[in-house]
Structure formats: structure tokens, C-alpha cells
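J.: File data_9.tsv below, TSV, C-alpha atoms and all ligand atoms:
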```tsv
chain	number	residue	atom	x	y	z
A	157	MET	CA	-88.66	135.79	-44.47
A	158	LEU	CA	-89.09	139.11	-42.74
A	159	VAL	CA	-86.24	141.26	-41.50
A	160	PHE	CA	-86.16	144.86	-40.41
A	161	ASN	CA	-83.95	147.65	-41.70
A	162	GLN	CA	-82.52	150.48	-39.65
A	163	PHE	CA	-85.85	152.37	-39.84
A	164	GLY	CA	-87.67	149.42	-38.39
A	165	SER	CA	-89.57	148.84	-41.65
A	166	LYS	CA	-90.42	145.36	-42.67
A	167	ILE	CA	-88.40	143.97	-45.53
A	168	ASN	CA	-89.82	141.10	-47.48
A	169	TYR	CA	-87.53	139.45	-49.99
A	170	GLU	CA	-90.54	138.68	-52.19
A	171	ASN	CA	-90.98	142.41	-52.83
A	172	GLY	CA	-87.92	142.40	-55.09
A	173	LYS	CA	-84.91	144.69	-54.98
A	174	CYS	CA	-84.76	148.42	-55.59
A	175	ALA	CA	-82.79	149.14	-58.77
A	176	ASN	CA	-81.74	152.48	-57.33
A	177	CYS	CA	-80.32	151.65	-53.88
A	178	ASN	CA	-80.01	147.90	-54.39
A	179	ARG	CA	-81.76	147.14	-51.11
A	180	TYR	CA	-84.87	144.99	-50.73
A	181	ASN	CA	-88.11	146.85	-51.42
A	182	THR	CA	-90.47	147.80	-48.59
A	183	SER	CA	-93.60	146.67	-50.49
A	184	PRO	CA	-93.99	144.91	-53.86
A	185	ALA	CA	-91.81	146.76	-56.43
A	186	TRP	CA	-91.72	149.81	-54.13
A	187	CYS	CA	-88.78	151.20	-52.21
A	188	LYS	CA	-89.99	153.67	-49.62
A	189	THR	CA	-86.62	155.44	-49.70
A	190	CYS	CA	-86.34	155.96	-53.46
A	191	ASP	CA	-89.72	155.64	-55.19
A	192	PRO	CA	-91.78	158.41	-53.55
A	193	GLN	CA	-89.21	161.04	-54.58
A	194	LYS	CA	-89.14	159.73	-58.14
A	195	THR	CA	-92.93	159.86	-58.32
A	196	ALA	CA	-93.05	163.44	-57.08
A	197	LEU	CA	-90.71	164.67	-59.80
A	198	GLY	CA	-91.27	165.55	-63.44
A	199	TRP	CA	-94.87	166.72	-63.44
A	200	THR	CA	-96.91	169.81	-62.62
A	201	SER	CA	-100.59	170.67	-62.56
A	202	GLY	CA	-99.72	174.28	-63.27
A	203	ASN	CA	-100.87	175.27	-59.79
A	204	LYS	CA	-98.46	175.33	-56.86
A	205	ASN	CA	-101.05	174.52	-54.18
A	206	ILE	CA	-102.25	171.47	-56.05
A	207	ASP	CA	-98.69	170.34	-56.76
A	208	ASP	CA	-97.77	170.70	-53.08
A	209	CYS	CA	-100.83	168.75	-51.97
A	210	ILE	CA	-100.32	165.85	-54.39
A	211	LYS	CA	-96.54	165.74	-53.86
A	212	GLU	CA	-97.07	165.51	-50.11
A	213	LEU	CA	-99.36	162.52	-50.67
A	214	GLN	CA	-96.85	160.98	-53.07
A	215	LEU	CA	-93.95	161.39	-50.66
A	216	ASN	CA	-95.92	159.44	-48.07
A	217	ALA	CA	-96.95	156.63	-50.40
A	218	THR	CA	-96.12	153.18	-49.05
A	219	ASN	CA	-97.43	151.21	-52.02
A	220	TYR	CA	-97.00	151.58	-55.77
A	221	GLU	CA	-100.68	150.92	-56.49
A	222	ASP	CA	-101.81	153.54	-53.98
A	223	VAL	CA	-99.91	156.48	-55.49
A	224	ILE	CA	-102.16	159.51	-56.02
A	225	GLU	CA	-101.37	161.47	-59.14
A	226	TRP	CA	-102.08	164.51	-61.24
A	227	ILE	CA	-103.73	163.23	-64.41
A	228	PRO	CA	-103.45	165.61	-67.39
A	229	PHE	CA	-106.88	166.07	-68.98
A	230	ASN	CA	-105.55	165.04	-72.40
A	231	ARG	CA	-104.74	161.59	-70.98
A	232	LEU	CA	-108.48	160.97	-70.64
A	233	ASN	CA	-110.48	159.77	-73.61
A	234	ASN	CA	-114.07	158.95	-74.49
A	235	ILE	CA	-115.62	161.00	-71.68
A	236	GLN	CA	-119.33	160.15	-71.36
A	237	LYS	CA	-121.90	161.50	-68.92
A	238	VAL	CA	-123.70	158.78	-66.99
A	239	GLY	CA	-126.11	160.16	-64.39
A	240	GLU	CA	-124.35	162.67	-62.15
A	241	GLU	CA	-120.92	161.36	-63.03
A	242	PHE	CA	-118.76	160.80	-66.06
A	243	LEU	CA	-117.00	157.73	-67.32
A	244	ALA	CA	-113.77	157.90	-69.27
A	245	LEU	CA	-110.79	155.91	-70.43
A	246	TRP	CA	-107.52	156.80	-68.72
A	247	LEU	CA	-104.94	156.21	-71.44
A	248	ASP	CA	-101.99	155.63	-69.08
A	249	GLY	CA	-104.19	153.59	-66.82
A	250	VAL	CA	-104.33	152.40	-63.25
A	251	ARG	CA	-101.16	151.23	-61.56
A	252	LEU	CA	-100.75	147.50	-61.30
A	253	ILE	CA	-98.02	145.34	-59.81
A	254	GLN	CA	-97.38	142.46	-62.16
A	255	TYR	CA	-95.66	139.33	-60.94
A	256	ILE	CA	-93.44	138.25	-63.78
A	257	LYS	CA	-90.23	136.92	-62.24
A	258	GLU	CA	-90.52	139.36	-59.42
A	259	PRO	CA	-92.99	142.16	-58.71
A	260	THR	CA	-92.81	144.84	-61.42
A	261	GLN	CA	-94.40	148.28	-61.67
A	262	SER	CA	-96.86	148.41	-64.55
A	263	ARG	CA	-100.18	149.90	-65.67
A	264	VAL	CA	-103.45	148.78	-67.23
A	265	PRO	CA	-103.52	150.97	-70.37
A	266	SER	CA	-106.88	152.56	-71.28
A	267	SER	CA	-108.47	151.77	-67.93
A	268	GLY	CA	-112.12	152.62	-67.45
A	269	ILE	CA	-112.43	155.14	-64.61
A	270	ARG	CA	-115.04	157.47	-63.10
A	271	LEU	CA	-114.89	161.26	-62.97
A	272	LYS	CA	-116.68	163.59	-60.59
A	273	ILE	CA	-116.54	167.36	-60.87
A	274	LEU	CA	-115.59	168.89	-57.53
A	275	HIS	CA	-118.15	171.65	-57.30
A	276	GLU	CA	-116.23	173.39	-54.56
A	277	SER	CA	-114.05	174.43	-57.50
A	278	LYS	CA	-114.46	178.15	-56.78
A	279	ASN	CA	-112.23	177.86	-53.77
A	280	LEU	CA	-109.06	175.87	-54.22
A	281	SER	CA	-108.39	175.18	-50.56
A	282	GLU	CA	-111.91	173.74	-50.19
A	283	ILE	CA	-111.28	171.49	-53.19
A	284	LEU	CA	-108.02	170.23	-51.73
A	285	CYS	CA	-109.69	169.62	-48.36
A	286	LYS	CA	-112.43	167.59	-50.04
A	287	PHE	CA	-109.85	165.75	-52.17
A	288	LYS	CA	-107.77	164.71	-49.14
A	289	GLU	CA	-110.90	163.75	-47.24
A	290	LEU	CA	-111.98	161.44	-50.07
A	291	ILE	CA	-108.55	159.82	-50.27
A	292	GLN	CA	-108.33	159.23	-46.56
A	293	SER	CA	-111.91	158.06	-46.02
A	294	LYS	CA	-111.98	154.62	-44.48
A	295	ASP	CA	-115.61	153.80	-45.29
A	296	ASN	CA	-114.93	151.40	-48.15
A	297	SER	CA	-115.56	154.07	-50.77
A	298	PRO	CA	-113.97	153.53	-54.18
A	299	LYS	CA	-110.25	154.12	-54.51
A	300	VAL	CA	-109.16	157.60	-55.63
A	301	TYR	CA	-106.54	157.72	-58.40
A	302	GLY	CA	-105.97	161.44	-58.58
A	303	LEU	CA	-107.09	164.79	-59.81
A	304	THR	CA	-107.49	166.35	-63.24
A	305	GLN	CA	-108.68	169.69	-64.59
A	306	ASP	CA	-111.05	170.18	-67.50
A	307	THR	CA	-109.02	172.48	-69.72
A	308	SER	CA	-112.14	174.10	-71.23
A	309	THR	CA	-114.02	174.89	-67.98
A	310	ASP	CA	-111.07	174.96	-65.51
A	311	GLU	CA	-113.10	172.72	-63.18
A	312	TYR	CA	-111.18	170.28	-61.02
A	313	ILE	CA	-112.30	166.69	-61.37
A	314	LEU	CA	-111.77	163.69	-59.13
A	315	VAL	CA	-110.56	160.54	-60.92
A	316	PHE	CA	-111.62	157.41	-59.08
A	317	ASP	CA	-112.50	153.74	-59.27
A	318	PHE	CA	-115.74	151.79	-59.47
A	319	LYS	CA	-117.23	150.00	-56.49
A	320	ARG	CA	-115.86	146.48	-56.27
A	321	TYR	CA	-117.39	143.43	-54.67
A	322	GLU	CA	-115.52	140.49	-53.23
A	323	TYR	CA	-118.47	138.17	-53.98
A	324	CYS	CA	-118.10	138.97	-57.72
A	325	GLY	CA	-114.69	137.32	-57.92
A	326	LYS	CA	-111.42	138.77	-59.20
A	327	CYS	CA	-110.56	140.30	-62.56
A	328	ALA	CA	-107.81	138.27	-64.23
A	329	ASN	CA	-106.50	141.39	-65.96
A	330	CYS	CA	-106.07	143.90	-63.10
A	331	ASN	CA	-106.19	141.50	-60.17
A	332	ARG	CA	-108.84	143.60	-58.36
A	333	TYR	CA	-112.27	142.40	-57.30
A	334	ASN	CA	-114.83	142.64	-60.10
A	335	THR	CA	-117.38	145.44	-60.30
A	336	ASP	CA	-120.18	143.00	-61.21
A	337	PHE	CA	-120.49	139.24	-61.76
A	338	ALA	CA	-117.70	138.20	-64.17
A	339	TRP	CA	-117.22	141.85	-65.13
A	340	CYS	CA	-114.53	144.44	-64.35
A	341	GLN	CA	-115.57	147.87	-65.57
A	342	THR	CA	-111.94	149.00	-65.63
A	343	CYS	CA	-110.85	146.33	-68.08
A	344	ASP	CA	-113.77	144.63	-69.83
A	345	PRO	CA	-115.58	147.43	-71.74
A	346	GLN	CA	-112.41	148.23	-73.73
A	347	LYS	CA	-111.86	144.58	-74.53
A	348	ILE	CA	-115.44	144.20	-75.81
A	349	ALA	CA	-115.06	147.33	-77.96
A	350	GLN	CA	-112.10	145.86	-79.79
A	351	GLY	CA	-111.70	143.22	-82.48
A	352	TRP	CA	-114.89	143.73	-84.45
A	353	THR	CA	-116.28	146.09	-87.08
A	354	SER	CA	-119.58	146.55	-88.86
A	355	GLY	CA	-117.70	147.98	-91.81
A	356	ILE	CA	-119.34	151.37	-91.26
A	357	LYS	CA	-117.49	153.89	-89.10
A	358	ASP	CA	-120.58	155.66	-87.70
A	359	VAL	CA	-122.21	152.37	-86.70
A	360	ASP	CA	-118.98	151.21	-85.02
A	361	GLU	CA	-118.68	154.44	-83.06
A	362	CYS	CA	-122.29	154.32	-81.93
A	363	ILE	CA	-122.06	150.73	-80.66
A	364	LYS	CA	-118.64	151.27	-79.08
A	365	GLU	CA	-120.01	154.25	-77.15
A	366	PHE	CA	-122.57	151.91	-75.55
A	367	GLN	CA	-119.99	149.20	-74.99
A	368	LEU	CA	-117.59	151.54	-73.20
A	369	LYS	CA	-120.15	152.37	-70.53
A	370	THR	CA	-121.39	148.84	-69.96
A	371	ALA	CA	-121.66	147.97	-66.29
A	372	ARG	CA	-122.74	144.31	-66.66
A	373	TYR	CA	-121.65	141.49	-68.97
A	374	GLU	CA	-125.26	140.59	-69.75
A	375	ASP	CA	-125.99	144.17	-70.87
A	376	VAL	CA	-123.33	144.35	-73.61
A	377	ILE	CA	-124.73	145.74	-76.88
A	378	GLU	CA	-123.02	144.24	-79.89
A	379	TRP	CA	-122.70	144.22	-83.65
A	380	ILE	CA	-124.10	140.92	-84.86
A	381	PRO	CA	-122.78	139.75	-88.24
A	382	PHE	CA	-125.70	138.80	-90.46
A	383	ASN	CA	-124.24	135.36	-91.09
A	384	ARG	CA	-124.61	134.58	-87.38
A	385	LEU	CA	-128.39	134.65	-87.86
A	386	ASN	CA	-130.25	131.67	-89.27
A	387	ASN	CA	-133.82	130.62	-90.15
A	388	LEU	CA	-135.06	134.10	-90.95
A	389	GLN	CA	-138.87	134.21	-91.11
A	390	LYS	CA	-141.06	137.21	-91.64
A	391	ILE	CA	-143.61	137.37	-88.83
A	392	GLY	CA	-145.15	140.79	-89.29
A	393	GLU	CA	-145.33	144.09	-91.06
A	394	GLY	CA	-145.91	147.43	-89.42
A	395	GLY	CA	-145.80	151.08	-90.30
A	396	PHE	CA	-142.17	151.18	-89.16
A	397	GLY	CA	-140.99	148.18	-91.18
A	398	SER	CA	-140.94	144.41	-91.14
A	399	VAL	CA	-140.47	142.06	-88.21
A	400	PHE	CA	-138.65	138.75	-88.52
A	401	SER	CA	-137.81	135.89	-86.25
A	402	ALA	CA	-134.38	134.28	-86.45
A	403	THR	CA	-131.96	131.99	-84.69
A	404	TRP	CA	-128.91	133.80	-83.28
A	405	LEU	CA	-126.12	131.25	-83.49
A	406	ASP	CA	-123.90	132.84	-80.81
A	407	GLY	CA	-126.76	133.64	-78.49
A	408	LYS	CA	-127.37	135.93	-75.54
A	409	ARG	CA	-124.67	136.63	-73.00
A	410	ILE	CA	-125.28	135.08	-69.62
A	411	VAL	CA	-123.30	134.70	-66.42
A	412	SER	CA	-123.63	131.29	-64.88
A	413	GLY	CA	-122.79	130.62	-61.28
A	414	LYS	CA	-123.38	134.09	-59.79
A	415	SER	CA	-120.67	133.60	-57.23
A	416	THR	CA	-116.94	134.20	-57.07
A	417	GLU	CA	-116.65	131.27	-59.48
A	418	ASN	CA	-119.02	132.76	-62.03
A	419	VAL	CA	-118.30	132.28	-65.69
A	420	ARG	CA	-119.36	134.10	-68.79
A	421	SER	CA	-121.23	132.12	-71.37
A	422	ARG	CA	-123.78	132.30	-74.15
A	423	THR	CA	-127.09	130.64	-74.97
A	424	PRO	CA	-126.20	129.32	-78.45
A	425	SER	CA	-128.91	129.17	-81.09
A	426	CYS	CA	-131.44	131.27	-79.24
A	427	LYS	CA	-134.51	132.72	-80.91
A	428	VAL	CA	-134.49	136.48	-81.48
A	429	ALA	CA	-136.69	139.04	-83.23
A	430	LEU	CA	-135.40	141.39	-85.90
A	431	LYS	CA	-136.91	144.68	-86.94
A	432	THR	CA	-135.89	146.75	-89.94
A	433	LEU	CA	-135.07	150.31	-88.92
A	434	PRO	CA	-136.80	153.17	-90.73
A	435	GLY	CA	-134.52	155.02	-93.11
A	436	SER	CA	-132.08	152.16	-93.53
A	437	GLN	CA	-131.50	150.60	-96.93
A	438	LYS	CA	-133.66	147.67	-97.89
A	439	ILE	CA	-131.56	144.67	-96.92
A	440	PHE	CA	-133.98	141.80	-97.42
B	501	ZN	ZN	-84.25	152.22	-53.05
B	502	ZN	ZN	-109.89	144.55	-64.24
```
Render the structure in this file as C-alpha cells.
T.:
Amino acid sequence: MLVFNQFGSKINYENGKCANCNRYNTSPAWCKTCDPQKTALGWTSGNKNIDDCIKELQLNATNYEDVIEWIPFNRLNNIQKVGEEFLALWLDGVRLIQYIKEPTQSRVPSSGIRLKILHESKNLSEILCKFKELIQSKDNSPKVYGLTQDTSTDEYILVFDFKRYEYCGKCANCNRYNTDFAWCQTCDPQKIAQGWTSGIKDVDECIKEFQLKTARYEDVIEWIPFNRLNNLQKIGEGGFGSVFSATWLDGKRIVSGKSTENVRSRTPSCKVALKTLPGSQKIF
């Protein structure tokens, strides 16, 4: 049911009630009267012009998930350069409305996000112009989450989302369209990087670094426990080491369907080749 308050705003009972003013929210878990002010309090970038710019955007926010924020640099982790951009994990994470009993403000902790250095950084007003322009652009460009500043170089950096495609289906974790078939780059790389270990810290870190920048399910690099390999047969010997064939019980990752209904699966018991790496201990 829709009714209108004295400001003429739509009120939808399904948006839940504001805990502050006890009136119905104006969008899911968001009260336009109370929430923007709360969001604009309790933080500073250390620069008045930046604070003013972001607070102005926050005071006009009509949706919890669209709030632009100042993201302290130490809330970003695992920053990796990929092409002209950087990828990182945002520890607090992207805003997400969760529907438990009623809509609730929440976050997706350790979200994968993209970073882009704003090279206009020499002139602050140019940076803020560019920043606002990117937020307000209507050309389907990826959603902007906010701004951060590299504390070692003082450069201002845009924090933003990946491109998402309706035809790739929705991510069950963050409820946004996927960034590739059966893959959400905000949520899935972190999940893949958890729950396994090779037993050697350096090896884990190396593989996790690859996992955290994975853009497609089929491209995931993984640690394969030796007992998941069967029928080992030596098929060659070279200057670099020995080559074996084997059966990988779990198998390659594949996406079947390639539509909004796509599902992740494996090709169990597939044949793979193994090569000993120079310098490693003799394991056979
Ligand atoms: Zn309120
Ligand atoms: Zn997701």
C-alpha cells in the first residue's frame, strides 16, 4: 500500500519503520528525514572541501545502498595492480539491504572493489568535479562507492564497482547482477580464498593472491591436494623435470548453461598433466 506523507514522498509499509522517528521509511531501511544526517556525522577525510562534497551527497541520499562515503585507506586490504586499475578488498564492504523480517541495513564484509587513481589529484576542485561527474553519470557505468586517499602518496582514489550484466544472473550473496557467468567479483574471490591450506604459508599467499583477482569462475587457480589425483603415470622427462599424467578426481571448473540460470560445476575425473617444478623437493 502506498500513502504519502506531508512532504509528498511515497511511503511503502514494506520499507519498515524508522527506529528514530517511528514513521514508515521512505525506501527500504532508509528514512529520508533521519538517515542522511546520521550518515554525514562521525567521519572526516581530514580535508574540509572533500568532507563538504561527500556530506552534501550523503544529505541527498534517497537509498541506503546508494550512499557515497569516505573510505579510510586502512579499510582497504590486499591491493593489487591489474592493468591500469587496482583491485582491493574493502573490509567494511558494500552496503546491502537484507530482508530478514523486514529490510535491514547491512554490509558485505571484505567486498572486492576496484580502485582508480584520480590523476587530477594536483588540483582538489578538479578532483571533486570529476568525482561528482562519475557519480552522476547516467551511462550505465559501474556504481561509485566513494573516495579514499593513499596515505603514502596523498593521491585521491575512486572506489567503485565492477561492471555487472543482467544476462549473467544474480549473486545470491549481494543480490546484485553477476560480473560474469555464475561469478560475482565482489563476493566470490574471497569465498574461494577461504577454507583451504597447502600447509605452507608462502604457497597459500601466492595462490590466494591469484584467487583474489579472479574475474571468471573457470579461471580460478587452486591448491589441489595430492590425494585428489589418481593414476599417476610418468610420461616424460625433460631438462626442467618430469612430466606425469593423472586423473584429477574433482576436475576442472566449468559453468554450464551460460544464461541467467547458469550453474557452476566440475568435470570429475578429468585427465591432467603434472610437471615437477625446478628447485622443489623431490616428491615422487
Ligand atoms: Zn526517521
Ligand atoms: Zn555478490
J.: May I have the residues within 7 Å of ligand ZN 501 (chain B), computed using only C-alpha atoms and all ligand atoms, as an NGL selection string?
T.: :A and (174-179 or 181 or 187-191)
J.: Mind listing the residues within 6 Å of ligand ZN 502 (chain B), only C-alpha atoms and all ligand atoms counted, as an MDAnalysis selection string?
T.: chainID A and resid 327 329:330 340 342:343
J.: Between A:Asp295, A:Glu212, A:Glu170, A:Glu311, which one has atoms that come closest to A:Pro259, using only C-alpha atoms?
T.: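 For A:Pro259, the nearest of the given residues is A:Glu170.
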J.: Nearest residue to A:Ile253 out of A:Thr403, A:Ser425, A:Asn219, A:Asn233, using only C-alpha atoms?
T.: A:Asn219
J.: In Å, rounded to a single decimal, give me how far atom CA of A:Tyr323 is from atom CA of A:Ala338.
T.: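 Atom CA of A:Tyr323 lies 10.2 Å from atom CA of A:Ala338.
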J.: What's the 6 Å shell around stretch 378-386 of chain A, counting only C-alpha atoms, without same-chain residues fewer than 6 positions away, as a PyMOL selection string?
T.: chain A and resi 402-405
J.: Go ahead and save the picked residues with C-alpha atoms, as a PDB file, in the frame of the given file.
T.:
```pdb
ATOM      1  CA  ALA A 402    -134.380 134.280 -86.450  1.00  0.00           C
ATOM      2  CA  THR A 403    -131.960 131.990 -84.690  1.00  0.00           C
ATOM      3  CA  TRP A 404    -128.910 133.800 -83.280  1.00  0.00           C
ATOM      4  CA  LEU A 405    -126.120 131.250 -83.490  1.00  0.00           C
TER       5      LEU A 405
END
```
J.: To one decimal in Å, tell me the separation between atom CA of A:Gly394 and atom CA of A:Val428.
T.: 17.7 Å
J.: Considering all atoms listed in the file, can you say which of A:Val264, A:Trp339, A:Gly407, A:Ser281 comes closest to A:Asn205?
T.: A:Ser281
J.: Find, counting all atoms listed in the file, the residue in A:Pro192, A:Glu417, A:Asp310, A:Thr432 that gets nearest to A:Phe229.
T.: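 Looking only at the distances to A:Phe229, the closest residue turns out to be A:Asp310.
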J.: What does the distance between atom CA of A:Leu280 and atom CA of A:Val250 come to in Å, to one decimal place?
T.: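 Separation between atom CA of A:Leu280 and atom CA of A:Val250: 25.6 Å.
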J.: Tell me, as a VMD selection string, which residues lie within 10 Å of stretch 240-243 of chain A, counting all atoms listed in the file; anything in the same chain fewer than 3 positions away does not count.
T.: chain A and resid 232 to 237 246 268 to 273 313 315 to 316 318 368 to 369
J.: Show which residues sit within 8 Å of A:Glu374, as a list in words. Count all atoms listed in the file, and ignore same-chain residues fewer than 3 positions away.
T.: Lys408, Arg409, Ile410 and Val411 of chain A
J.: Between A:Ala349, A:Leu274, A:Ala196, A:Ala244, which has the minimum distance to A:Leu303 (counting only C-alpha atoms)?
T.: A:Leu274
J.: Using all atoms listed in the file, which of A:Glu365, A:Glu282, A:Asp208, A:Glu225 sits nearest A:Gly249?
T.: A:Glu225
J.: Using all atoms listed in the file, which residues sit within 8 Å of A:Lys431 once same-chain residues fewer than 6 positions away are excluded, as a VMD selection string?
T.: chain A and resid 397 to 400
J.: Residues at most 12 Å from A:Glu258, counting all atoms listed in the file, excluding those fewer than 3 positions away in the same chain, as a list of chain:residue names?
T.: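 Here the qualifying residues turn out to be A:Tyr169, A:Glu170, A:Asn171, A:Gly172, A:Lys173, A:Cys174, A:Tyr180, A:Asn181, A:Ser183, A:Pro184, A:Ala185, A:Trp186, A:Ile253, A:Gln254, A:Tyr255, A:Gln261.
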